[in-house]
Amino acid sequence: MNLALMTAIKFRKGLRKSGMVSLISVISTLSIAIGLAALIIGLSAMNGFERELKQRVLSVMPHGQIVSQMGYMANWQAIEHVLEQDQHITSITPFVSFTGLLENGSKLSAIEVQGIDPNKEATSSMLPNYVLNQRWQHFNANEQQIIIGAGLAQALGVKEDSWVTLLIPVANSDNQLKPPKRVRLQVIGILDLQGSLSNNVALIPLSDAQQLLAMGDSVTGLMVNVDNVFQANKLLNQAAFQLYQNHLQENLLYSSWEQNYGYMYNDIQMIRQIMYLAMIVVIGVACFNIVSTLMIAVKDKQRDIAILKTLGATNRFIRHIFIWYGVVSGLIGSLIGVILGVLIAWQLSTIMHFIESLIGYKLLNSHIYFVDFLPSEVHLIDVVLVFITAMLLSLIASYYPARRACKLDPARILSSF
């Protein structure tokens, strides 16, 4: 086996004297390298999107919500008490939600206002970490304060400590709209999630929201976090059954992040599966360039093969030479591709930021995507899987030319020289 490998390396060096054969061999190796690098970069980008979904999106939004069909929940303390008995529920936070308009001078924007408890939110989610300049600690009730999303702040042209007007729709007993209630609020902080989630959101303290809507102690619903975010639907159904057993299930609606944002996770997984399929196709096409290279090598080295056979080399030995020839070509291309792919994937966000600065606009629009940058995270398992697949396909591609080399007739070849 060692002799066959050494002979294959000698054959590769000998082919460098032939310009055309050497060019085809280089193209074959580079095609494998480029294919592997592209796939490692693509898979790393999918890993990055999945990481941002878990750390940025699922860390700030509730895993599930329980709301009342009537629009307000008066007995939320009793419901909270029952949910606290569920060992899978890690936190429960009451909230008030309503739609309004935010006005700054002549600029107006529709927003979704969330009334939350600043103290409970700080212990149940990572939301305070995304408020710029650590302004969350200044977010207090009864001080006419509001936190708005970065996209909304940019659209309205406001900064920290600016004053804005919140317009709240008001309806009379006949459900006819009256002039909206106008409230002046100070922008105490700006929430920047670097994506679409912070474009049209505003936060105010829970007690302030209750006063603005004249809800008393009632809330819109409860935000629930569970210990296994990817089992949120199942765990929320179990919680609903507990409420039903305690006769608290009437007029309640349940929703989880999977119903509202699950498409993000499903899309990432679908693209990952497509990329694995593309990996086999792309690497397969690249590796099967080895077939043409080896066929030319067999033709170029047929005299050497004939001499080896006359010296007693067996067909198995000849076959091993050209299998090693193809494997070495695949190995060189795979190593180059892995190194190139890992290096680019490692700095992919920086590279994309540089490209965006050159062209003058962002490739990922924050009004469309949940992040406005291209994340990347290299996983060792992806690199190993891509490398092993390339080597297996290189081995398979080497088999047919190796068999053709075994079938050469040494007497006919040597007599022609």
# chains A, B, ... in the order shown; residues from 1 in each chain; ligands from 1
call {"tool": "residues_around", "arguments": {"residues": "segment 208-221 of chain A", "least_positions_apart": "5", "cutoff": "10 Å", "atoms": "only C-alpha atoms", "output": "ChimeraX atom specification"}}
result
/A:65-77,79,93-98,113-117,140-146,168-170,181-183,203,252-254
call {"tool": "residues_around", "arguments": {"residues": "Met295 of chain A", "least_positions_apart": "5", "cutoff": "10 Å", "atoms": "only C-alpha atoms", "output": "ChimeraX atom specification"}}
result
/A:290,300-301,322,398,400-402,404-405
call {"tool": "write_last_selection", "arguments": {"atoms": "C-alpha atoms", "output": "compact mmCIF listing (two decimals), in the first residue's frame"}}
result
# COMPACT_ATOMS: atom_id res chain seq x y z
CA ILE A 290 -11.05 13.47 -11.10
CA ASP A 300 -0.16 9.36 -20.39
CA LYS A 301 1.34 6.68 -18.12
CA PHE A 322 -4.61 5.16 -9.44
CA SER A 398 -11.12 7.02 -8.79
CA TYR A 400 -13.34 3.36 -12.81
CA PRO A 401 -10.06 4.85 -14.18
CA ALA A 402 -8.15 2.49 -11.88
CA ARG A 404 -9.21 0.75 -16.91
CA ALA A 405 -5.52 0.93 -15.99
call {"tool": "closest_residue", "arguments": {"among": "A:Gly326, A:Gly284, A:Gly312, A:Gly262", "to": "Val298 of chain A", "atoms": "only C-alpha atoms"}}
result
A:Gly326
call {"tool": "select_by_dssp", "arguments": {"residues": "segment 165-321 of chain A", "states": "alpha helix (DSSP H)", "output": "PyMOL selection string"}}
result
chain A and resi 206-212+232-245+257-287+289-300+302-310+315-321
call {"tool": "closest_residue", "arguments": {"among": "A:Asn133, A:Ser334, A:Thr350, A:Ser357", "to": "Ala33 of chain A", "atoms": "only C-alpha atoms"}}
result
A:Ser334
call {"tool": "residues_around", "arguments": {"residues": "Leu331 of chain A", "least_positions_apart": "3", "cutoff": "12 Å", "atoms": "only C-alpha atoms", "output": "MDAnalysis selection string"}}
result
chainID A and resid 28:30 32:33 36 287 290 324:328 334:338 387:395
call {"tool": "residues_around", "arguments": {"residues": "Tyr361 of chain A", "least_positions_apart": "5", "cutoff": "12 Å", "atoms": "only C-alpha atoms", "output": "list in words"}}
result
Met352, His353, Phe354, Ile355, Glu356, Ser366, Asp372 and Phe373 of chain A
call {"tool": "write_last_selection", "arguments": {"atoms": "C-alpha atoms", "output": "PDB file, in the first residue's frame"}}
result
ATOM      1  CA  MET A 352     -20.136  41.382   4.534  1.00  0.00           C
ATOM      2  CA  HIS A 353     -19.992  44.572   6.599  1.00  0.00           C
ATOM      3  CA  PHE A 354     -17.027  45.715   4.506  1.00  0.00           C
ATOM      4  CA  ILE A 355     -18.878  44.921   1.264  1.00  0.00           C
ATOM      5  CA  GLU A 356     -21.953  46.811   2.511  1.00  0.00           C
ATOM      6  CA  SER A 366     -34.113  45.246   8.651  1.00  0.00           C
ATOM      7  CA  ASP A 372     -29.954  43.088   9.413  1.00  0.00           C
ATOM      8  CA  PHE A 373     -26.524  41.462   9.201  1.00  0.00           C
TER       9      PHE A 373
END
call {"tool": "select_by_dssp", "arguments": {"residues": "segment 136-318 of chain A", "states": "strand (DSSP E or B)", "output": "PyMOL selection string"}}
result
chain A and resi 145-149+163-171+177-191+201-205+219+221-226+252-256
call {"tool": "closest_residue", "arguments": {"among": "A:Ala150, A:Val291, A:Leu58, A:Ile280", "to": "Asn228 of chain A", "atoms": "only C-alpha atoms"}}
result
A:Leu58
call {"tool": "closest_residue", "arguments": {"among": "A:Arg51, A:Val201, A:Leu340, A:Gly151", "to": "Ala110 of chain A", "atoms": "only C-alpha atoms"}}
result
A:Val201
call {"tool": "closest_residue", "arguments": {"among": "A:Ala78, A:Asn233, A:Ser25, A:Ala4", "to": "Ser329 of chain A", "atoms": "only C-alpha atoms"}}
result
A:Ser25
call {"tool": "closest_residue", "arguments": {"among": "A:Ser349, A:Gln259, A:Ser59, A:Ser109", "to": "Leu363 of chain A", "atoms": "only C-alpha atoms"}}
result
A:Ser349
call {"tool": "atom_distance", "arguments": {"atom1": "atom CA of Met126 of chain A", "atom2": "atom CA of Arg56 of chain A"}}
result
8.2 Å
